[in-house]
file upload-v6.cif (mmCIF, C-alpha atoms and all ligand atoms; chains and numbers go by the auth columns)
data_input
loop_
_atom_site.group_PDB
_atom_site.id
_atom_site.type_symbol
_atom_site.label_atom_id
_atom_site.label_comp_id
_atom_site.label_asym_id
_atom_site.label_seq_id
_atom_site.Cartn_x
_atom_site.Cartn_y
_atom_site.Cartn_z
_atom_site.B_iso_or_equiv
_atom_site.auth_seq_id
_atom_site.auth_asym_id
ATOM 1 C CA MET A 1 -101.301 142.701 34.964 0.00 1 A
ATOM 2 C CA ASN A 2 -99.983 139.202 34.750 0.00 2 A
ATOM 3 C CA ILE A 3 -96.393 138.091 35.277 0.00 3 A
ATOM 4 C CA HIS A 4 -95.135 135.134 33.337 0.00 4 A
ATOM 5 C CA HIS A 5 -91.719 133.602 33.098 0.00 5 A
ATOM 6 C CA ASP A 6 -89.389 133.093 30.205 0.00 6 A
ATOM 7 C CA THR A 7 -85.947 131.483 30.252 0.00 7 A
ATOM 8 C CA THR A 8 -84.238 134.266 28.318 0.00 8 A
ATOM 9 C CA LEU A 9 -85.787 137.421 29.745 0.00 9 A
ATOM 10 C CA GLY A 10 -86.863 136.193 33.160 0.00 10 A
ATOM 11 C CA PHE A 11 -90.104 137.646 34.469 0.00 11 A
ATOM 12 C CA ILE A 12 -92.193 139.427 31.872 0.00 12 A
ATOM 13 C CA ALA A 13 -95.133 141.716 32.540 0.00 13 A
ATOM 14 C CA GLN A 14 -98.265 141.169 30.447 0.00 14 A
ATOM 15 C CA PHE A 15 -100.216 144.370 30.486 0.00 15 A
ATOM 16 C CA SER A 16 -103.927 144.634 31.032 0.00 16 A
ATOM 17 C CA THR A 17 -106.166 147.125 29.269 0.00 17 A
ATOM 18 C CA ASP A 18 -104.976 149.762 31.720 0.00 18 A
ATOM 19 C CA PHE A 19 -101.824 150.327 29.735 0.00 19 A
ATOM 20 C CA ASN A 20 -100.650 153.504 31.429 0.00 20 A
ATOM 21 C CA GLY A 21 -101.292 152.231 34.934 0.00 21 A
ATOM 22 C CA ASP A 22 -99.384 149.025 34.254 0.00 22 A
ATOM 23 C CA LEU A 23 -96.555 150.867 32.536 0.00 23 A
ATOM 24 C CA ASN A 24 -96.138 153.163 35.523 0.00 24 A
ATOM 25 C CA ALA A 25 -96.139 150.209 37.887 0.00 25 A
ATOM 26 C CA VAL A 26 -93.372 148.303 36.083 0.00 26 A
ATOM 27 C CA LYS A 27 -91.303 151.427 35.620 0.00 27 A
ATOM 28 C CA THR A 28 -91.569 152.268 39.304 0.00 28 A
ATOM 29 C CA ALA A 29 -90.645 148.705 40.249 0.00 29 A
ATOM 30 C CA GLY A 30 -87.504 148.871 38.101 0.00 30 A
ATOM 31 C CA PHE A 31 -88.419 146.599 35.212 0.00 31 A
ATOM 32 C CA ARG A 32 -86.519 147.063 31.981 0.00 32 A
ATOM 33 C CA THR A 33 -87.775 146.986 28.449 0.00 33 A
ATOM 34 C CA THR A 34 -86.565 145.247 25.327 0.00 34 A
ATOM 35 C CA GLY A 35 -87.598 148.295 23.346 0.00 35 A
ATOM 36 C CA PRO A 36 -89.094 148.027 19.875 0.00 36 A
ATOM 37 C CA PRO A 37 -90.607 146.120 18.275 0.00 37 A
ATOM 38 C CA GLN A 38 -91.984 144.027 21.147 0.00 38 A
ATOM 39 C CA TRP A 39 -91.628 146.394 24.095 0.00 39 A
ATOM 40 C CA PHE A 40 -91.509 143.583 26.613 0.00 40 A
ATOM 41 C CA TRP A 41 -91.116 144.822 30.159 0.00 41 A
ATOM 42 C CA TYR A 42 -89.062 142.292 32.093 0.00 42 A
ATOM 43 C CA THR A 43 -86.833 141.725 35.072 0.00 43 A
ATOM 44 C CA SER A 44 -84.720 138.977 36.545 0.00 44 A
ATOM 45 C CA LYS A 45 -84.420 140.719 39.883 0.00 45 A
ATOM 46 C CA LEU A 46 -86.213 139.792 43.050 0.00 46 A
ATOM 47 C CA VAL A 47 -86.065 143.390 44.234 0.00 47 A
ATOM 48 C CA ALA A 48 -88.092 144.577 41.244 0.00 48 A
ATOM 49 C CA LEU A 49 -90.670 141.821 41.705 0.00 49 A
ATOM 50 C CA ASN A 50 -91.064 142.604 45.380 0.00 50 A
ATOM 51 C CA LYS A 51 -91.434 146.300 44.612 0.00 51 A
ATOM 52 C CA LEU A 52 -94.193 145.461 42.164 0.00 52 A
ATOM 53 C CA ARG A 53 -95.878 143.346 44.854 0.00 53 A
ATOM 54 C CA GLU A 54 -95.741 146.259 47.249 0.00 54 A
ATOM 55 C CA ASN A 55 -96.969 148.741 44.667 0.00 55 A
ATOM 56 C CA LYS A 56 -99.484 146.676 42.780 0.00 56 A
ATOM 57 C CA PRO A 57 -100.911 148.129 39.585 0.00 57 A
ATOM 58 C CA VAL A 58 -104.506 149.288 39.763 0.00 58 A
ATOM 59 C CA SER A 59 -105.444 146.518 37.320 0.00 59 A
ATOM 60 C CA GLY A 60 -104.351 143.946 39.898 0.00 60 A
ATOM 61 C CA LEU A 61 -101.449 141.511 39.847 0.00 61 A
ATOM 62 C CA THR A 62 -101.517 137.835 38.939 0.00 62 A
ATOM 63 C CA ILE A 63 -98.614 135.487 38.361 0.00 63 A
ATOM 64 C CA SER A 64 -98.422 132.323 36.289 0.00 64 A
ATOM 65 C CA GLU A 65 -97.581 129.079 38.048 0.00 65 A
ATOM 66 C CA GLU A 66 -94.253 128.823 36.289 0.00 66 A
ATOM 67 C CA ALA A 67 -93.354 132.372 37.210 0.00 67 A
ATOM 68 C CA TYR A 68 -94.379 131.750 40.799 0.00 68 A
ATOM 69 C CA THR A 69 -92.100 128.698 41.015 0.00 69 A
ATOM 70 C CA ALA A 70 -89.242 130.760 39.594 0.00 70 A
ATOM 71 C CA TYR A 71 -90.018 133.559 42.030 0.00 71 A
ATOM 72 C CA MET A 72 -89.928 131.192 44.993 0.00 72 A
ATOM 73 C CA ARG A 73 -86.659 129.681 43.797 0.00 73 A
ATOM 74 C CA LEU A 74 -85.178 133.163 43.445 0.00 74 A
ATOM 75 C CA SER A 75 -86.374 134.070 46.939 0.00 75 A
ATOM 76 C CA GLU A 76 -84.658 131.012 48.388 0.00 76 A
ATOM 77 C CA ILE A 77 -81.404 131.771 46.602 0.00 77 A
ATOM 78 C CA GLU A 78 -81.528 135.375 47.742 0.00 78 A
ATOM 79 C CA ALA A 79 -82.186 134.331 51.335 0.00 79 A
ATOM 80 C CA ARG A 80 -79.237 131.944 51.204 0.00 80 A
ATOM 81 C CA ASN A 81 -77.036 134.638 49.706 0.00 81 A
ATOM 82 C CA ALA A 82 -78.080 137.117 52.355 0.00 82 A
ATOM 83 C CA GLU A 83 -77.218 134.552 55.041 0.00 83 A
ATOM 84 C CA ALA A 84 -73.807 133.951 53.455 0.00 84 A
ATOM 85 C CA ARG A 85 -73.189 137.683 53.188 0.00 85 A
ATOM 86 C CA LYS A 86 -74.038 138.075 56.847 0.00 86 A
ATOM 87 C CA LEU A 87 -71.587 135.330 57.807 0.00 87 A
ATOM 88 C CA PHE A 88 -68.912 136.711 55.576 0.00 88 A
ATOM 89 C CA ALA A 89 -69.309 140.359 56.566 0.00 89 A
ATOM 90 C CA PRO A 90 -67.036 140.304 59.657 0.00 90 A
ATOM 91 C CA ILE A 91 -64.319 138.463 57.724 0.00 91 A
ATOM 92 C CA LYS A 92 -64.569 140.914 54.888 0.00 92 A
ATOM 93 C CA GLU A 93 -64.400 143.832 57.253 0.00 93 A
ATOM 94 C CA LYS A 94 -61.321 142.388 58.923 0.00 94 A
ATOM 95 C CA GLN A 95 -59.661 141.851 55.557 0.00 95 A
ATOM 96 C CA ALA A 96 -60.440 145.377 54.432 0.00 96 A
ATOM 97 C CA LYS A 97 -59.027 146.761 57.658 0.00 97 A
ATOM 98 C CA ALA A 98 -55.852 144.689 57.338 0.00 98 A
ATOM 99 C CA LYS A 99 -55.418 145.817 53.762 0.00 99 A
ATOM 100 C CA LYS A 100 -55.854 149.445 54.733 0.00 100 A
ATOM 101 C CA GLU A 101 -53.271 149.072 57.487 0.00 101 A
ATOM 102 C CA ARG A 102 -50.854 147.419 55.101 0.00 102 A
ATOM 103 C CA LYS A 103 -51.243 150.190 52.546 0.00 103 A
ATOM 104 C CA LYS A 104 -50.710 152.803 55.211 0.00 104 A
ATOM 105 C CA GLN A 105 -47.560 151.057 56.435 0.00 105 A
ATOM 106 C CA GLU A 106 -46.271 150.683 52.900 0.00 106 A
ATOM 107 C CA LEU A 107 -46.726 154.344 52.213 0.00 107 A
ATOM 108 C CA LYS A 108 -45.035 155.238 55.476 0.00 108 A
ATOM 109 C CA ASP A 109 -42.088 152.942 54.753 0.00 109 A
ATOM 110 C CA ARG A 110 -41.745 154.319 51.284 0.00 110 A
ATOM 111 C CA THR A 111 -41.984 157.917 52.318 0.00 111 A
ATOM 112 C CA TYR A 112 -40.264 158.188 55.648 0.00 112 A
ATOM 113 C CA THR A 113 -38.171 155.118 56.352 0.00 113 A
ATOM 114 C CA THR A 114 -36.424 153.775 53.346 0.00 114 A
ATOM 115 C CA ILE A 115 -35.578 155.332 50.070 0.00 115 A
ATOM 116 C CA VAL A 116 -35.152 152.608 47.521 0.00 116 A
ATOM 117 C CA ILE A 117 -33.248 153.708 44.486 0.00 117 A
ATOM 118 C CA PRO A 118 -34.692 151.670 41.665 0.00 118 A
ATOM 119 C CA GLU A 119 -32.490 150.040 39.092 0.00 119 A
ATOM 120 C CA LYS A 120 -32.880 150.550 35.427 0.00 120 A
ATOM 121 C CA PRO A 121 -31.703 147.234 34.096 0.00 121 A
ATOM 122 C CA GLY A 122 -30.716 146.914 30.481 0.00 122 A
ATOM 123 C CA GLN A 123 -29.819 150.520 30.009 0.00 123 A
ATOM 124 C CA ASP A 124 -26.128 151.273 29.494 0.00 124 A
ATOM 125 C CA TYR A 125 -26.167 154.926 30.318 0.00 125 A
ATOM 126 C CA ASP A 126 -29.040 154.931 32.662 0.00 126 A
ATOM 127 C CA HIS A 127 -29.345 157.466 35.341 0.00 127 A
ATOM 128 C CA ILE A 128 -31.828 157.977 38.091 0.00 128 A
ATOM 129 C CA GLY A 129 -33.982 161.036 37.863 0.00 129 A
ATOM 130 C CA ALA A 130 -36.256 162.643 40.367 0.00 130 A
ATOM 131 C CA GLU A 131 -39.177 160.882 38.702 0.00 131 A
ATOM 132 C CA ASP A 132 -37.728 157.503 39.749 0.00 132 A
ATOM 133 C CA LEU A 133 -37.617 158.339 43.406 0.00 133 A
ATOM 134 C CA PRO A 134 -40.392 158.158 45.923 0.00 134 A
ATOM 135 C CA PRO A 135 -41.387 161.382 47.593 0.00 135 A
ATOM 136 C CA ILE A 136 -39.314 162.313 50.618 0.00 136 A
ATOM 137 C CA PRO A 137 -40.546 164.086 53.703 0.00 137 A
ATOM 138 C CA PRO A 138 -40.589 167.850 53.538 0.00 138 A
ATOM 139 C CA ARG A 139 -37.356 169.499 54.641 0.00 139 A
ATOM 140 C CA GLU A 140 -37.453 170.923 58.082 0.00 140 A
ATOM 141 C CA ASN A 141 -35.934 174.302 58.546 0.00 141 A
ATOM 142 C CA ALA A 142 -33.507 174.213 61.489 0.00 142 A
ATOM 143 C CA TYR A 143 -32.989 177.960 61.514 0.00 143 A
ATOM 144 C CA VAL A 144 -34.440 179.656 64.537 0.00 144 A
ATOM 145 C CA PRO A 145 -34.526 183.418 64.107 0.00 145 A
ATOM 146 C CA PRO A 146 -32.949 185.295 67.037 0.00 146 A
ATOM 147 C CA PRO A 147 -35.239 187.434 69.101 0.00 147 A
ATOM 148 C CA PRO A 148 -35.516 191.034 67.969 0.00 148 A
ATOM 149 C CA PRO A 149 -33.013 193.345 69.655 0.00 149 A
ATOM 150 C CA THR A 150 -33.970 195.122 72.819 0.00 150 A
ATOM 151 C CA THR A 151 -30.904 197.360 72.964 0.00 151 A
ATOM 152 C CA VAL A 152 -30.652 200.728 71.295 0.00 152 A
ATOM 153 C CA CYS A 153 -27.768 202.805 69.986 0.00 153 A
ATOM 154 C CA PHE A 154 -27.419 205.842 72.233 0.00 154 A
ATOM 155 C CA MET A 155 -26.508 208.062 69.305 0.00 155 A
ATOM 156 C CA CYS A 156 -28.994 207.244 66.559 0.00 156 A
ATOM 157 C CA LEU A 157 -31.538 205.445 68.711 0.00 157 A
ATOM 158 C CA GLN A 158 -31.764 202.538 66.264 0.00 158 A
ATOM 159 C CA PRO A 159 -31.787 198.975 67.659 0.00 159 A
ATOM 160 C CA THR A 160 -28.404 197.319 67.973 0.00 160 A
ATOM 161 C CA TYR A 161 -27.829 193.711 66.959 0.00 161 A
ATOM 162 C CA PHE A 162 -25.672 190.940 68.417 0.00 162 A
ATOM 163 C CA TYR A 163 -22.710 191.794 66.155 0.00 163 A
ATOM 164 C CA GLU A 164 -22.678 195.391 67.382 0.00 164 A
ATOM 165 C CA LEU A 165 -21.904 196.955 70.720 0.00 165 A
ATOM 166 C CA ALA A 166 -24.927 196.977 72.924 0.00 166 A
ATOM 167 C CA ASP A 167 -25.306 200.737 73.047 0.00 167 A
ATOM 168 C CA LEU A 168 -23.505 201.801 69.871 0.00 168 A
ATOM 169 C CA CYS A 169 -24.369 200.665 66.383 0.00 169 A
ATOM 170 C CA LEU A 170 -21.715 199.844 63.802 0.00 170 A
ATOM 171 C CA TRP A 171 -22.542 202.888 61.735 0.00 171 A
ATOM 172 C CA CYS A 172 -22.157 205.304 64.583 0.00 172 A
ATOM 173 C CA GLU A 173 -19.052 203.453 65.812 0.00 173 A
ATOM 174 C CA LYS A 174 -17.312 203.808 62.435 0.00 174 A
ATOM 175 C CA THR A 175 -18.473 207.252 61.474 0.00 175 A
ATOM 176 C CA THR A 176 -17.902 209.123 64.700 0.00 176 A
HETATM 177 ZN ZN ZN B . -26.090 204.438 65.929 0.00 201 B
#
call {"tool": "encode", "arguments": {"input": "upload-v6.cif", "output": "structure tokens"}}
result
Amino acid sequence: MNIHHDTTLGFIAQFSTDFNGDLNAVKTAGFRTTGPPQWFWYTSKLVALNKLRENKPVSGLTISEEAYTAYMRLSEIEARNAEARKLFAPIKEKQAKAKKERKKQELKDRTYTTIVIPEKPGQDYDHIGAEDLPPIPPRENAYVPPPPPTTVCFMCLQPTYFYELADLCLWCEKTT
């Protein structure tokens, strides 16, 4: 297989007589095809070219001088980009973290601290509906159930509650 270079498609694979072997190799490397009628297999990506280098077709791999120059240029650019990405990574991480914190704070402010009632300008008979309001924190139930009674009515032996006499239930009190 030979690789040559073209300004529109990038790197194009020229197959040898071992069609199937070459086809498998470019497919594995991640080349794309123009489809019919020409069925050029091409790539503009360094990754695909390097994969093809690592997994050379059985027919062998040659590269035209022009394609080699383009490949070297691409390698340099990629190396520079990788260097820039490495330098930028901590900054990016910091920014992402700050953004996350900000979002979290915003949500907290909106939900728990301030309820902003939005205006509906330009509407004469506007009214605010539930859909205009931010969610509010869930209501907390302040009711604490009293402990179950421990006292018992001496007549019916049912438990007596705080609004009854300790040893005589209301029923027995009123009916006897
Ligand atoms: Zn009773």
call {"tool": "residues_around", "arguments": {"input": "upload-v6.cif", "residues": "stretch 48-54 of chain A", "least_positions_apart": "2", "cutoff": "7 Å", "atoms": "only C-alpha atoms", "output": "list in words"}}
result
Ala25, Val26, Ala29, Gly30, Phe31, Thr43, Lys45, Leu46 and Lys56 of chain A
call {"tool": "residues_near_ligand", "arguments": {"input": "upload-v6.cif", "ligand": "ligand ZN 201 (chain B)", "cutoff": "7 Å", "atoms": "only C-alpha atoms and all ligand atoms", "output": "NGL selection string"}}
result
:A and (153-158 or 168-172)
call {"tool": "residues_around", "arguments": {"input": "upload-v6.cif", "residues": "stretch 103-112 of chain A", "least_positions_apart": "6", "cutoff": "8 Å", "atoms": "only C-alpha atoms", "output": "list in words"}}
result
Pro134, Pro135, Ile136 and Pro137 of chain A
call {"tool": "closest_residue", "arguments": {"input": "upload-v6.cif", "among": "A:Asp132, A:Asp6, A:Glu140, A:Asp18", "to": "A:Gly60", "atoms": "only C-alpha atoms"}}
result
A:Asp18
call {"tool": "atom_distance", "arguments": {"input": "upload-v6.cif", "atom1": "atom CA of A:Arg102", "atom2": "atom CA of A:Pro90"}}
result
18.3 Å
call {"tool": "atom_distance", "arguments": {"input": "upload-v6.cif", "atom1": "atom CA of A:Trp41", "atom2": "atom CA of A:Ile12"}}
result
5.8 Å
call {"tool": "closest_residue", "arguments": {"input": "upload-v6.cif", "among": "A:Ser75, A:Thr176, A:Asn81, A:Thr28", "to": "A:Ser44", "atoms": "all atoms listed in the file"}}
result
A:Ser75
call {"tool": "closest_residue", "arguments": {"input": "upload-v6.cif", "among": "A:Glu173, A:Thr150, A:Asn20, A:Pro159", "to": "A:Ser59", "atoms": "all atoms listed in the file"}}
result
A:Asn20
call {"tool": "build_atoms", "arguments": {"input": "upload-v6.cif", "residues": "stretch 17-31 of chain A", "atoms": "N, CA and C atoms", "output": "short mmCIF file (atom, residue, chain, number, x, y, z; two decimals), keeping the file's coordinate frame"}}
result
data_model
loop_
_atom_site.label_atom_id
_atom_site.label_comp_id
_atom_site.auth_asym_id
_atom_site.auth_seq_id
_atom_site.Cartn_x
_atom_site.Cartn_y
_atom_site.Cartn_z
N THR A 17 -105.67 146.04 30.12
CA THR A 17 -106.17 147.12 29.27
C THR A 17 -105.78 148.49 29.83
N ASP A 18 -105.43 148.50 31.12
CA ASP A 18 -104.98 149.76 31.72
C ASP A 18 -103.49 149.92 31.43
N PHE A 19 -103.20 150.30 30.19
CA PHE A 19 -101.82 150.33 29.74
C PHE A 19 -100.97 151.28 30.57
N ASN A 20 -101.46 152.51 30.73
CA ASN A 20 -100.65 153.50 31.43
C ASN A 20 -100.41 153.16 32.89
N GLY A 21 -101.43 152.64 33.54
CA GLY A 21 -101.29 152.23 34.93
C GLY A 21 -100.25 151.13 35.08
N ASP A 22 -100.32 150.15 34.21
CA ASP A 22 -99.38 149.02 34.25
C ASP A 22 -97.97 149.48 33.93
N LEU A 23 -97.87 150.36 32.93
CA LEU A 23 -96.56 150.87 32.54
C LEU A 23 -95.89 151.60 33.70
N ASN A 24 -96.67 152.44 34.36
CA ASN A 24 -96.14 153.16 35.52
C ASN A 24 -95.67 152.21 36.60
N ALA A 25 -96.47 151.17 36.83
CA ALA A 25 -96.14 150.21 37.89
C ALA A 25 -94.82 149.49 37.61
N VAL A 26 -94.62 149.03 36.38
CA VAL A 26 -93.37 148.30 36.08
C VAL A 26 -92.17 149.24 36.09
N LYS A 27 -92.40 150.45 35.62
CA LYS A 27 -91.30 151.43 35.62
C LYS A 27 -90.87 151.73 37.04
N THR A 28 -91.86 151.97 37.90
CA THR A 28 -91.57 152.27 39.30
C THR A 28 -90.84 151.11 39.98
N ALA A 29 -91.23 149.88 39.62
CA ALA A 29 -90.64 148.71 40.25
C ALA A 29 -89.22 148.45 39.75
N GLY A 30 -88.86 149.04 38.62
CA GLY A 30 -87.50 148.87 38.10
C GLY A 30 -87.38 147.81 37.03
N PHE A 31 -88.48 147.51 36.35
CA PHE A 31 -88.42 146.60 35.21
C PHE A 31 -87.70 147.30 34.07
#
